[in-house]
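Data from run03.cif: mmCIF, C-alpha atoms and all ligand atoms
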data_work
loop_
_atom_site.group_PDB
_atom_site.id
_atom_site.type_symbol
_atom_site.label_atom_id
_atom_site.label_comp_id
_atom_site.auth_asym_id
_atom_site.auth_seq_id
_atom_site.Cartn_x
_atom_site.Cartn_y
_atom_site.Cartn_z
ATOM 1 C CA MET A 1 98.368 -285.641 -99.909
ATOM 2 C CA ALA A 2 98.378 -287.649 -103.119
ATOM 3 C CA PRO A 3 101.542 -287.832 -105.208
ATOM 4 C CA PRO A 4 101.888 -285.118 -107.848
ATOM 5 C CA SER A 5 99.808 -285.726 -110.967
ATOM 6 C CA LEU A 6 101.987 -283.385 -113.009
ATOM 7 C CA VAL A 7 105.769 -283.625 -112.761
ATOM 8 C CA VAL A 8 107.965 -281.400 -114.885
ATOM 9 C CA GLU A 9 111.528 -282.685 -114.650
ATOM 10 C CA GLU A 10 114.368 -280.366 -115.639
ATOM 11 C CA ILE A 11 113.071 -279.249 -119.003
ATOM 12 C CA TYR A 12 115.187 -277.317 -121.504
ATOM 13 C CA THR A 13 113.144 -275.598 -124.203
ATOM 14 C CA PHE A 14 114.249 -273.642 -127.262
ATOM 15 C CA TYR A 15 112.719 -271.550 -130.034
ATOM 16 C CA GLY A 16 115.043 -272.476 -132.884
ATOM 17 C CA LEU A 17 118.532 -271.666 -131.638
ATOM 18 C CA SER A 18 117.248 -269.482 -128.828
ATOM 19 C CA GLN A 19 117.164 -271.266 -125.472
ATOM 20 C CA VAL A 20 114.440 -270.085 -123.105
ATOM 21 C CA LEU A 21 114.150 -272.711 -120.345
ATOM 22 C CA PHE A 22 117.180 -273.973 -118.434
ATOM 23 C CA GLY A 23 116.181 -277.030 -116.414
ATOM 24 C CA VAL A 24 112.745 -276.032 -115.109
ATOM 25 C CA SER A 25 111.223 -278.512 -112.644
ATOM 26 C CA LEU A 26 107.906 -278.329 -110.826
ATOM 27 C CA GLU A 27 105.166 -280.549 -109.437
ATOM 28 C CA VAL A 28 101.431 -280.160 -109.077
ATOM 29 C CA ALA A 29 99.436 -282.483 -106.817
ATOM 30 C CA PRO A 30 95.756 -283.288 -107.480
ATOM 31 C CA GLY A 31 93.461 -280.487 -106.257
ATOM 32 C CA GLU A 32 96.311 -278.018 -105.802
ATOM 33 C CA CYS A 33 96.494 -274.517 -107.230
ATOM 34 C CA VAL A 34 100.166 -273.912 -108.011
ATOM 35 C CA CYS A 35 101.453 -270.599 -109.335
ATOM 36 C CA LEU A 36 104.402 -269.942 -111.595
ATOM 37 C CA LEU A 37 105.286 -266.349 -110.797
ATOM 38 C CA GLY A 38 107.678 -264.224 -112.828
ATOM 39 C CA ARG A 39 108.207 -261.022 -114.742
ATOM 40 C CA ASN A 40 107.787 -260.445 -118.494
ATOM 41 C CA GLY A 41 109.773 -262.735 -120.718
ATOM 42 C CA VAL A 42 111.100 -265.131 -118.067
ATOM 43 C CA GLY A 43 109.530 -268.216 -119.675
ATOM 44 C CA LYS A 44 106.115 -268.706 -118.007
ATOM 45 C CA THR A 45 104.274 -269.179 -121.305
ATOM 46 C CA THR A 46 107.096 -271.332 -122.662
ATOM 47 C CA THR A 47 106.799 -273.619 -119.622
ATOM 48 C CA MET A 48 103.077 -273.995 -120.268
ATOM 49 C CA ARG A 49 103.659 -274.545 -123.991
ATOM 50 C CA SER A 50 106.213 -277.234 -123.142
ATOM 51 C CA ILE A 51 103.733 -279.012 -120.861
ATOM 52 C CA MET A 52 101.079 -278.778 -123.572
ATOM 53 C CA GLY A 53 103.388 -280.093 -126.316
ATOM 54 C CA LEU A 54 103.114 -276.862 -128.323
ATOM 55 C CA THR A 55 106.854 -276.176 -127.915
ATOM 56 C CA PRO A 56 108.159 -279.520 -126.686
ATOM 57 C CA ALA A 57 111.175 -279.609 -124.391
ATOM 58 C CA ARG A 58 114.417 -280.786 -126.009
ATOM 59 C CA ARG A 59 115.690 -282.205 -122.740
ATOM 60 C CA GLY A 60 113.914 -283.289 -119.584
ATOM 61 C CA ARG A 61 110.491 -284.837 -119.132
ATOM 62 C CA VAL A 62 106.883 -283.906 -118.566
ATOM 63 C CA VAL A 63 105.032 -286.653 -116.727
ATOM 64 C CA TRP A 64 101.248 -286.565 -116.383
ATOM 65 C CA ARG A 65 99.595 -289.131 -114.106
ATOM 66 C CA GLY A 66 102.639 -291.382 -114.390
ATOM 67 C CA ARG A 67 102.884 -291.212 -118.204
ATOM 68 C CA ASP A 68 105.653 -289.458 -120.091
ATOM 69 C CA ILE A 69 103.899 -286.932 -122.366
ATOM 70 C CA THR A 70 106.994 -284.939 -123.385
ATOM 71 C CA SER A 71 106.797 -285.882 -127.043
ATOM 72 C CA LYS A 72 103.039 -286.219 -127.338
ATOM 73 C CA ALA A 73 101.046 -283.996 -129.692
ATOM 74 C CA PRO A 74 98.979 -281.182 -128.125
ATOM 75 C CA TYR A 75 95.693 -282.854 -129.025
ATOM 76 C CA GLN A 76 96.821 -286.057 -127.274
ATOM 77 C CA ILE A 77 97.786 -284.076 -124.188
ATOM 78 C CA ALA A 78 94.414 -282.296 -124.219
ATOM 79 C CA ARG A 79 92.648 -285.645 -124.519
ATOM 80 C CA ALA A 80 94.713 -286.954 -121.609
ATOM 81 C CA GLY A 81 93.035 -284.309 -119.426
ATOM 82 C CA ILE A 82 95.125 -281.114 -119.570
ATOM 83 C CA GLY A 83 93.322 -277.937 -120.635
ATOM 84 C CA PHE A 84 95.233 -274.821 -121.674
ATOM 85 C CA VAL A 85 93.925 -271.250 -121.413
ATOM 86 C CA PRO A 86 96.436 -269.229 -123.463
ATOM 87 C CA GLU A 87 97.290 -265.641 -122.593
ATOM 88 C CA ASP A 88 96.181 -264.400 -126.031
ATOM 89 C CA ARG A 89 92.763 -266.050 -125.454
ATOM 90 C CA ARG A 90 92.209 -267.228 -129.045
ATOM 91 C CA ILE A 91 88.457 -267.317 -129.045
ATOM 92 C CA PHE A 92 86.673 -267.671 -132.375
ATOM 93 C CA ALA A 93 85.824 -264.040 -133.153
ATOM 94 C CA ASP A 94 83.157 -264.860 -135.757
ATOM 95 C CA LEU A 95 81.352 -267.422 -133.621
ATOM 96 C CA THR A 96 78.851 -266.535 -130.919
ATOM 97 C CA VAL A 97 79.481 -267.258 -127.251
ATOM 98 C CA TRP A 98 77.214 -270.295 -127.500
ATOM 99 C CA GLU A 99 79.016 -271.588 -130.612
ATOM 100 C CA ASN A 100 82.436 -271.055 -129.030
ATOM 101 C CA LEU A 101 81.343 -273.260 -126.130
ATOM 102 C CA ASP A 102 79.520 -275.814 -128.237
ATOM 103 C CA VAL A 103 82.515 -276.562 -130.498
ATOM 104 C CA ALA A 104 84.683 -277.189 -127.444
ATOM 105 C CA GLY A 105 82.287 -279.685 -125.814
ATOM 106 C CA ARG A 106 83.749 -283.085 -125.082
ATOM 107 C CA ARG A 107 81.470 -285.800 -123.860
ATOM 108 C CA ARG A 108 84.016 -288.122 -122.278
ATOM 109 C CA GLY A 109 85.620 -288.055 -118.837
ATOM 110 C CA GLY A 110 86.416 -285.277 -116.381
ATOM 111 C CA ALA A 111 84.006 -283.321 -114.259
ATOM 112 C CA GLY A 112 81.076 -283.313 -116.715
ATOM 113 C CA TRP A 113 81.106 -279.649 -117.673
ATOM 114 C CA THR A 114 78.085 -278.483 -119.653
ATOM 115 C CA VAL A 115 77.081 -275.114 -121.082
ATOM 116 C CA ASP A 116 74.666 -274.675 -118.159
ATOM 117 C CA ARG A 117 77.431 -275.350 -115.649
ATOM 118 C CA VAL A 118 79.812 -272.844 -117.195
ATOM 119 C CA PHE A 119 76.980 -270.284 -117.275
ATOM 120 C CA ASP A 120 76.478 -270.951 -113.587
ATOM 121 C CA LEU A 121 80.169 -270.183 -113.025
ATOM 122 C CA PHE A 122 80.153 -267.157 -115.348
ATOM 123 C CA PRO A 123 76.558 -265.791 -115.305
ATOM 124 C CA LYS A 124 77.657 -262.852 -117.451
ATOM 125 C CA LEU A 125 78.247 -265.221 -120.379
ATOM 126 C CA SER A 126 74.639 -266.423 -120.265
ATOM 127 C CA GLU A 127 73.548 -262.845 -121.042
ATOM 128 C CA LEU A 128 75.806 -262.812 -124.090
ATOM 129 C CA VAL A 129 75.011 -266.162 -125.716
ATOM 130 C CA ASP A 130 74.281 -264.674 -129.143
ATOM 131 C CA ARG A 131 77.099 -262.145 -129.181
ATOM 132 C CA GLN A 132 80.047 -262.803 -131.464
ATOM 133 C CA GLY A 133 83.324 -263.449 -129.679
ATOM 134 C CA GLY A 134 85.021 -260.546 -131.440
ATOM 135 C CA PHE A 135 82.593 -258.074 -129.845
ATOM 136 C CA LEU A 136 83.251 -259.140 -126.252
ATOM 137 C CA SER A 137 85.264 -257.052 -123.797
ATOM 138 C CA GLY A 138 88.648 -258.313 -122.590
ATOM 139 C CA GLY A 139 87.173 -259.639 -119.344
ATOM 140 C CA GLU A 140 84.296 -261.341 -121.155
ATOM 141 C CA GLN A 141 86.750 -262.917 -123.595
ATOM 142 C CA GLN A 142 88.826 -264.212 -120.697
ATOM 143 C CA MET A 143 85.724 -265.778 -119.105
ATOM 144 C CA LEU A 144 84.786 -267.323 -122.453
ATOM 145 C CA THR A 145 88.284 -268.758 -122.922
ATOM 146 C CA ILE A 146 88.223 -270.379 -119.486
ATOM 147 C CA ALA A 147 84.649 -271.592 -120.028
ATOM 148 C CA ARG A 148 85.558 -273.031 -123.421
ATOM 149 C CA THR A 149 88.522 -274.908 -121.939
ATOM 150 C CA LEU A 150 86.327 -276.284 -119.135
ATOM 151 C CA MET A 151 83.972 -277.671 -121.779
ATOM 152 C CA GLY A 152 86.811 -280.061 -122.667
ATOM 153 C CA ASN A 153 86.496 -281.516 -119.127
ATOM 154 C CA PRO A 154 90.142 -281.096 -118.095
ATOM 155 C CA GLU A 155 91.523 -282.554 -114.876
ATOM 156 C CA LEU A 156 94.340 -280.005 -114.885
ATOM 157 C CA LEU A 157 93.806 -276.412 -116.006
ATOM 158 C CA LEU A 158 96.806 -274.399 -117.231
ATOM 159 C CA LEU A 159 95.932 -270.708 -116.892
ATOM 160 C CA ASP A 160 98.381 -268.363 -118.581
ATOM 161 C CA GLU A 161 98.191 -264.855 -117.079
ATOM 162 C CA PRO A 162 94.403 -264.647 -116.850
ATOM 163 C CA SER A 163 94.564 -261.205 -115.205
ATOM 164 C CA GLU A 164 96.667 -259.625 -117.959
ATOM 165 C CA GLY A 165 95.239 -256.417 -119.398
ATOM 166 C CA LEU A 166 92.064 -256.480 -117.307
ATOM 167 C CA ALA A 167 90.643 -253.695 -115.123
ATOM 168 C CA PRO A 168 91.090 -254.187 -111.353
ATOM 169 C CA LEU A 169 87.378 -254.878 -110.760
ATOM 170 C CA VAL A 170 87.321 -257.471 -113.518
ATOM 171 C CA VAL A 171 90.454 -259.081 -112.085
ATOM 172 C CA GLU A 172 88.735 -259.344 -108.675
ATOM 173 C CA HIS A 173 85.706 -260.982 -110.272
ATOM 174 C CA LEU A 174 87.884 -263.405 -112.217
ATOM 175 C CA LYS A 175 89.797 -264.293 -109.076
ATOM 176 C CA GLU A 176 86.533 -265.263 -107.386
ATOM 177 C CA GLN A 177 85.572 -267.522 -110.297
ATOM 178 C CA ILE A 178 88.975 -269.228 -110.332
ATOM 179 C CA GLY A 179 88.669 -269.612 -106.546
ATOM 180 C CA ARG A 180 85.352 -271.392 -107.102
ATOM 181 C CA LEU A 181 86.993 -273.751 -109.593
ATOM 182 C CA LYS A 182 89.688 -274.470 -107.052
ATOM 183 C CA SER A 183 87.135 -275.144 -104.313
ATOM 184 C CA GLN A 184 85.422 -277.609 -106.650
ATOM 185 C CA GLY A 185 88.651 -279.612 -106.656
ATOM 186 C CA LEU A 186 90.036 -278.706 -110.077
ATOM 187 C CA THR A 187 93.831 -278.875 -110.263
ATOM 188 C CA ILE A 188 95.267 -275.580 -111.513
ATOM 189 C CA LEU A 189 98.675 -274.376 -112.697
ATOM 190 C CA LEU A 190 98.575 -270.602 -112.925
ATOM 191 C CA ALA A 191 101.225 -268.447 -114.649
ATOM 192 C CA GLU A 192 101.161 -264.877 -113.325
ATOM 193 C CA GLN A 193 103.143 -261.731 -112.768
ATOM 194 C CA ASN A 194 100.417 -260.183 -110.622
ATOM 195 C CA VAL A 195 101.706 -261.097 -107.153
ATOM 196 C CA GLY A 196 98.464 -260.356 -105.269
ATOM 197 C CA PHE A 197 96.313 -262.312 -107.695
ATOM 198 C CA CYS A 198 98.667 -265.256 -107.569
ATOM 199 C CA LEU A 199 99.083 -265.375 -103.798
ATOM 200 C CA ASP A 200 95.362 -265.039 -103.111
ATOM 201 C CA LEU A 201 94.742 -268.205 -105.106
ATOM 202 C CA ALA A 202 97.848 -270.349 -104.898
ATOM 203 C CA ASP A 203 98.631 -273.144 -102.459
ATOM 204 C CA ARG A 204 102.264 -273.028 -103.555
ATOM 205 C CA VAL A 205 104.305 -270.585 -105.617
ATOM 206 C CA TYR A 206 107.356 -271.174 -107.811
ATOM 207 C CA VAL A 207 109.342 -268.095 -108.832
ATOM 208 C CA LEU A 208 110.751 -268.204 -112.352
ATOM 209 C CA GLU A 209 113.574 -265.936 -113.505
ATOM 210 C CA LYS A 210 115.445 -266.049 -116.807
ATOM 211 C CA GLY A 211 114.194 -269.524 -117.608
ATOM 212 C CA GLN A 212 115.159 -271.016 -114.245
ATOM 213 C CA ILE A 213 113.230 -271.725 -111.066
ATOM 214 C CA ARG A 214 114.718 -269.365 -108.473
ATOM 215 C CA TYR A 215 112.347 -270.197 -105.635
ATOM 216 C CA ARG A 216 111.011 -273.682 -105.143
ATOM 217 C CA PRO A 217 108.219 -274.217 -102.592
ATOM 218 C CA ARG A 218 108.418 -277.338 -100.554
ATOM 219 C CA LEU A 219 105.654 -279.858 -100.648
ATOM 220 C CA CYS A 220 104.912 -279.970 -96.911
ATOM 221 C CA ALA A 221 101.911 -281.243 -94.919
ATOM 222 C CA ARG A 222 100.588 -280.713 -91.411
ATOM 223 C CA GLU A 223 101.595 -283.199 -88.773
ATOM 224 C CA GLY A 224 99.431 -286.288 -88.726
ATOM 225 C CA ALA A 225 98.540 -286.065 -92.393
ATOM 226 C CA ASP A 226 99.031 -288.799 -94.956
ATOM 227 C CA PRO A 227 102.068 -290.853 -93.863
ATOM 228 C CA LEU A 228 103.475 -290.382 -97.354
ATOM 229 C CA SER A 229 103.803 -286.707 -96.577
ATOM 230 C CA ARG A 230 106.388 -287.278 -93.845
ATOM 231 C CA HIS A 231 108.799 -288.614 -96.411
ATOM 232 C CA GLY A 232 107.338 -286.928 -99.460
ATOM 233 C CA PRO A 233 105.536 -288.544 -102.358
ATOM 234 C CA ARG A 234 107.558 -290.668 -104.727
ATOM 235 C CA VAL A 235 107.614 -289.395 -108.268
ATOM 236 C CA PRO A 236 108.793 -290.914 -111.520
ATOM 237 C CA GLY A 237 112.563 -290.881 -111.600
ATOM 238 C CA GLY A 238 112.771 -292.256 -108.070
ATOM 239 C CA ARG A 239 113.409 -288.943 -106.332
ATOM 240 C CA VAL A 240 111.705 -288.288 -103.033
ATOM 241 C CA HIS A 241 110.183 -284.847 -102.596
ATOM 242 C CA PRO A 242 109.216 -283.235 -99.316
ATOM 243 C CA PRO A 243 105.487 -283.030 -98.467
ATOM 244 C CA PRO A 244 102.997 -280.291 -99.563
ATOM 245 C CA VAL A 245 102.411 -276.848 -98.047
ATOM 246 C CA PRO A 246 98.971 -276.582 -96.411
ATOM 247 C CA ARG A 247 98.123 -273.013 -97.490
ATOM 248 C CA ALA A 248 99.325 -270.027 -99.456
ATOM 249 C CA LEU A 249 102.650 -268.365 -98.793
ATOM 250 C CA SER A 250 102.511 -264.896 -97.325
ATOM 251 C CA HIS A 251 102.723 -261.922 -99.695
ATOM 252 C CA SER A 252 105.707 -260.510 -97.836
ATOM 253 C CA ARG A 253 107.672 -263.669 -98.191
ATOM 254 C CA VAL A 254 107.317 -264.029 -101.951
ATOM 255 C CA ILE A 255 107.669 -260.302 -102.594
ATOM 256 C CA ALA A 256 110.872 -260.415 -100.563
ATOM 257 C CA SER A 257 112.000 -263.360 -102.603
ATOM 258 C CA ILE A 258 111.360 -261.574 -105.893
ATOM 259 C CA GLY A 259 112.941 -258.369 -104.612
ATOM 260 C CA ASN A 260 116.046 -260.227 -103.593
ATOM 261 C CA LEU A 261 116.285 -261.872 -106.983
ATOM 262 C CA THR A 262 116.885 -258.464 -108.520
ATOM 263 C CA ASN A 263 120.022 -258.099 -106.402
ATOM 264 C CA GLY A 264 121.680 -260.963 -108.197
ATOM 265 C CA PRO A 265 122.471 -264.578 -107.427
ATOM 266 C CA GLY A 266 123.093 -265.498 -103.845
ATOM 267 C CA CYS A 267 121.124 -262.549 -102.446
ATOM 268 C CA SER A 268 117.759 -264.264 -101.982
ATOM 269 C CA ARG A 269 116.780 -265.151 -98.456
ATOM 270 C CA ALA A 270 113.703 -267.084 -99.546
ATOM 271 C CA GLY A 271 113.164 -270.059 -97.319
ATOM 272 C CA SER A 272 114.981 -268.528 -94.352
ATOM 273 C CA ASP A 273 112.126 -266.492 -92.845
ATOM 274 C CA ARG A 274 111.118 -268.192 -89.609
ATOM 275 C CA ARG A 275 107.867 -266.212 -89.233
ATOM 276 C CA ASP A 276 106.158 -268.267 -91.933
ATOM 277 C CA ARG A 277 107.141 -271.667 -90.715
ATOM 278 C CA GLN A 278 104.378 -274.185 -90.093
ATOM 279 C CA PRO A 279 104.335 -277.028 -87.592
ATOM 280 C CA GLY A 280 106.065 -279.991 -89.121
ATOM 281 C CA CYS A 281 107.406 -277.876 -91.951
ATOM 282 C CA PRO A 282 110.892 -276.629 -91.139
ATOM 283 C CA SER A 283 111.072 -274.387 -94.178
ATOM 284 C CA ARG A 284 108.483 -273.580 -96.803
ATOM 285 C CA GLY A 285 110.744 -273.407 -99.766
ATOM 286 C CA THR A 286 114.225 -273.197 -101.064
ATOM 287 C CA GLU A 287 116.182 -271.101 -103.396
ATOM 288 C CA ALA A 288 116.747 -273.270 -106.404
HETATM 289 N N1 LIG B 301 108.059 -267.910 -130.793
HETATM 290 C C1 LIG B 301 109.161 -267.430 -130.233
HETATM 291 N N2 LIG B 301 110.319 -267.355 -130.918
HETATM 292 C C2 LIG B 301 111.447 -266.881 -130.341
HETATM 293 N N3 LIG B 301 111.507 -266.439 -129.066
HETATM 294 C C3 LIG B 301 110.385 -266.468 -128.354
HETATM 295 C C4 LIG B 301 109.152 -266.959 -128.884
HETATM 296 N N4 LIG B 301 108.201 -266.857 -127.927
HETATM 297 C C5 LIG B 301 108.799 -266.341 -126.840
HETATM 298 N N5 LIG B 301 110.106 -266.106 -127.110
HETATM 299 C C6 LIG B 301 111.084 -265.568 -126.170
HETATM 300 O O1 LIG B 301 111.186 -266.462 -125.074
HETATM 301 C C7 LIG B 301 111.361 -265.749 -123.855
HETATM 302 C C8 LIG B 301 110.297 -266.202 -122.862
HETATM 303 O O2 LIG B 301 109.023 -265.863 -123.389
HETATM 304 P P1 LIG B 301 107.671 -266.280 -122.659
HETATM 305 O O3 LIG B 301 106.552 -265.825 -123.542
HETATM 306 O O4 LIG B 301 107.738 -267.700 -122.300
HETATM 307 O O5 LIG B 301 107.762 -265.391 -121.342
HETATM 308 P P2 LIG B 301 106.623 -265.023 -120.297
HETATM 309 O O6 LIG B 301 107.217 -265.204 -118.946
HETATM 310 O O7 LIG B 301 105.379 -265.753 -120.600
HETATM 311 O O8 LIG B 301 106.436 -263.467 -120.565
HETATM 312 P P3 LIG B 301 105.088 -262.562 -120.495
HETATM 313 O O9 LIG B 301 104.850 -262.278 -119.036
HETATM 314 O O10 LIG B 301 105.446 -261.323 -121.253
HETATM 315 O O11 LIG B 301 103.966 -263.340 -121.122
HETATM 316 C C9 LIG B 301 111.276 -264.267 -124.212
HETATM 317 O O12 LIG B 301 112.579 -263.773 -124.287
HETATM 318 C C10 LIG B 301 110.605 -264.254 -125.561
HETATM 319 O O13 LIG B 301 111.082 -263.163 -126.326
HETATM 320 MG MG MG B 302 103.495 -265.224 -121.148
#
Any chance you could put this one into structure tokens?
Ligand SMILES: Nc1ncnc2c1ncn2[C@@H]1O[C@H](COP(=O)(O)OP(=O)(O)OP(=O)(O)O)[C@@H](O)[C@H]1O
Ligand SMILES: [Mg+2]
Amino acid sequence: MAPPSLVVEEIYTFYGLSQVLFGVSLEVAPGECVCLLGRNGVGKTTTMRSIMGLTPARRGRVVWRGRDITSKAPYQIARAGIGFVPEDRRIFADLTVWENLDVAGRRRGGAGWTVDRVFDLFPKLSELVDRQGGFLSGGEQQMLTIARTLMGNPELLLLDEPSEGLAPLVVEHLKEQIGRLKSQGLTILLAEQNVGFCLDLADRVYVLEKGQIRYRPRLCAREGADPLSRHGPRVPGGRVHPPPVPRALSHSRVIASIGNLTNGPGCSRAGSDRRDRQPGCPSRGTEA
């Protein structure tokens, strides 16, 4: 497994005097779908905003493909290949579906997304090309927001609670589309509080609580994989991390982890369940 392309190193983020993140660290390797799971108000959006430079971290670093982007402007970070799908969607209500996509088009780099390609991913949008964004349903708006971000040809997609406020059938449909993006090799960081949605898609799951990572998945690979994986990829800062997990964690394991978090510090048994252990991976994660 390649070294992580995104490394968030102990970031502390504030809104004015109000501190929201307390040393959040995470890594995302190329082609991975990593989920940041947590309840309302724990700092999922703030973590994404910090990565995107919208609310820069006051301490700590965000490193993208080996470059420190902590103090870069959002437009520079977007140009560097990170696309952000915000939870409030922010489509242009007065523009049509076609116009929303056209203004977001970026010729350079990435996977060469075109309007035709995003219509192939979201066929429903092709039936709505002339409809104004403000007249779309919640699910259609979510598809348009993802499609619009893809038009910028990102290498990493930050998806902030895409399932929020959508009907169960629409959520299922959206999950399939995001699964297709993942299978096409797009790197994804997904913020969610919908456990099922997150676990069906994610290769690894971090659990965030009160601005701190409370469950940290190990990067762990199958035996015989990339020799780097035995020792863990090196990341900026010189720390050595363990290798990546081959597939998603089980529902029971993460639900147990979250449940235990409610019982206060020191109660979580995440990382101690032997049933989920993989060959060559002594433990899938650790309480942070
Ligand atoms: N602009 C802001 N100014 C001050 N405080 C803010 C601001 N935005 C968010 N917060 C606070 O920061 C904390 C974390 O908010 P954040 O939106 O990151 O959480 P979240 O995990 O994304 O929650 P949700 O699941 O509801 O989207 C909350 O207590 C919130 O009230
Ligand atoms: Mg949020």
Residues in the PyMOL selection byres (((not hetatm)) within 9 of (chain B and resi 301)), expressed as a count of residues only = 33
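Closest approach to A:Asp120 from the set A:Asn153, A:Arg180, A:Gln132, A:Val103 is made by A:Arg180, with distances taken over only C-alpha atoms.
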request  = Could you state which residues are captured by the PyMOL selection byres (((chain A and resi 100) around 12) and not hetatm) in this file, as a PyMOL selection string?
outcome  = chain A and resi 90-99+101-105+115+125+128-134+141+143-152
Sel. within 6 Å of pt (106.7, -279.0, -110.2), counting all atoms listed in the file, output as number ranges by chain = A: 7-8, 25-28
ask   = What gap, in Å, lies between atom CA of A:Met52 and atom CA of A:Ile213?
value =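 Value for the atom CA of A:Met52-atom CA of A:Ile213 distance: 18.8 Å.
Nearest-residue note for ligand MG 302 (chain B): choosing from A:Val63, A:Leu136, A:Val118, A:Leu190, the minimum distance belongs to A:Leu190, counting all atoms listed in the file.
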request  = Could you check how far atom CA of A:Ser71 sits from atom CA of A:Pro162, in Å to one decimal?
outcome  =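 These atoms are spaced 26.6 Å apart.
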Provide stretch 170-183 of chain A rebuilt to N, CA and C atoms, formatted as a PDB file, in the frame of the given file.
ATOM      1  N   VAL A 170      87.502-256.238-112.740  1.00  0.00           N
ATOM      2  CA  VAL A 170      87.321-257.471-113.518  1.00  0.00           C
ATOM      3  C   VAL A 170      88.270-258.551-112.997  1.00  0.00           C
ATOM      4  N   VAL A 171      89.476-258.134-112.632  1.00  0.00           N
ATOM      5  CA  VAL A 171      90.454-259.081-112.085  1.00  0.00           C
ATOM      6  C   VAL A 171      89.922-259.683-110.785  1.00  0.00           C
ATOM      7  N   GLU A 172      89.312-258.841-109.936  1.00  0.00           N
ATOM      8  CA  GLU A 172      88.735-259.344-108.675  1.00  0.00           C
ATOM      9  C   GLU A 172      87.659-260.385-108.943  1.00  0.00           C
ATOM     10  N   HIS A 173      86.805-260.078-109.922  1.00  0.00           N
ATOM     11  CA  HIS A 173      85.706-260.982-110.272  1.00  0.00           C
ATOM     12  C   HIS A 173      86.275-262.314-110.781  1.00  0.00           C
ATOM     13  N   LEU A 174      87.276-262.200-111.640  1.00  0.00           N
ATOM     14  CA  LEU A 174      87.884-263.405-112.217  1.00  0.00           C
ATOM     15  C   LEU A 174      88.533-264.258-111.133  1.00  0.00           C
ATOM     16  N   LYS A 175      89.151-263.573-110.180  1.00  0.00           N
ATOM     17  CA  LYS A 175      89.797-264.293-109.076  1.00  0.00           C
ATOM     18  C   LYS A 175      88.766-265.115-108.295  1.00  0.00           C
ATOM     19  N   GLU A 176      87.599-264.521-108.087  1.00  0.00           N
ATOM     20  CA  GLU A 176      86.533-265.263-107.386  1.00  0.00           C
ATOM     21  C   GLU A 176      86.129-266.513-108.164  1.00  0.00           C
ATOM     22  N   GLN A 177      86.000-266.361-109.488  1.00  0.00           N
ATOM     23  CA  GLN A 177      85.572-267.522-110.297  1.00  0.00           C
ATOM     24  C   GLN A 177      86.640-268.621-110.267  1.00  0.00           C
ATOM     25  N   ILE A 178      87.904-268.217-110.367  1.00  0.00           N
ATOM     26  CA  ILE A 178      88.975-269.228-110.332  1.00  0.00           C
ATOM     27  C   ILE A 178      89.014-269.879-108.942  1.00  0.00           C
ATOM     28  N   GLY A 179      88.757-269.066-107.908  1.00  0.00           N
ATOM     29  CA  GLY A 179      88.669-269.612-106.546  1.00  0.00           C
ATOM     30  C   GLY A 179      87.564-270.656-106.440  1.00  0.00           C
ATOM     31  N   ARG A 180      86.448-270.409-107.120  1.00  0.00           N
ATOM     32  CA  ARG A 180      85.352-271.392-107.102  1.00  0.00           C
ATOM     33  C   ARG A 180      85.770-272.688-107.789  1.00  0.00           C
ATOM     34  N   LEU A 181      86.499-272.549-108.898  1.00  0.00           N
ATOM     35  CA  LEU A 181      86.993-273.751-109.593  1.00  0.00           C
ATOM     36  C   LEU A 181      87.904-274.551-108.678  1.00  0.00           C
ATOM     37  N   LYS A 182      88.759-273.815-107.978  1.00  0.00           N
ATOM     38  CA  LYS A 182      89.688-274.470-107.052  1.00  0.00           C
ATOM     39  C   LYS A 182      88.907-275.191-105.951  1.00  0.00           C
ATOM     40  N   SER A 183      87.894-274.523-105.414  1.00  0.00           N
ATOM     41  CA  SER A 183      87.135-275.144-104.313  1.00  0.00           C
ATOM     42  C   SER A 183      86.341-276.360-104.793  1.00  0.00           C
TER      43      SER A 183
END
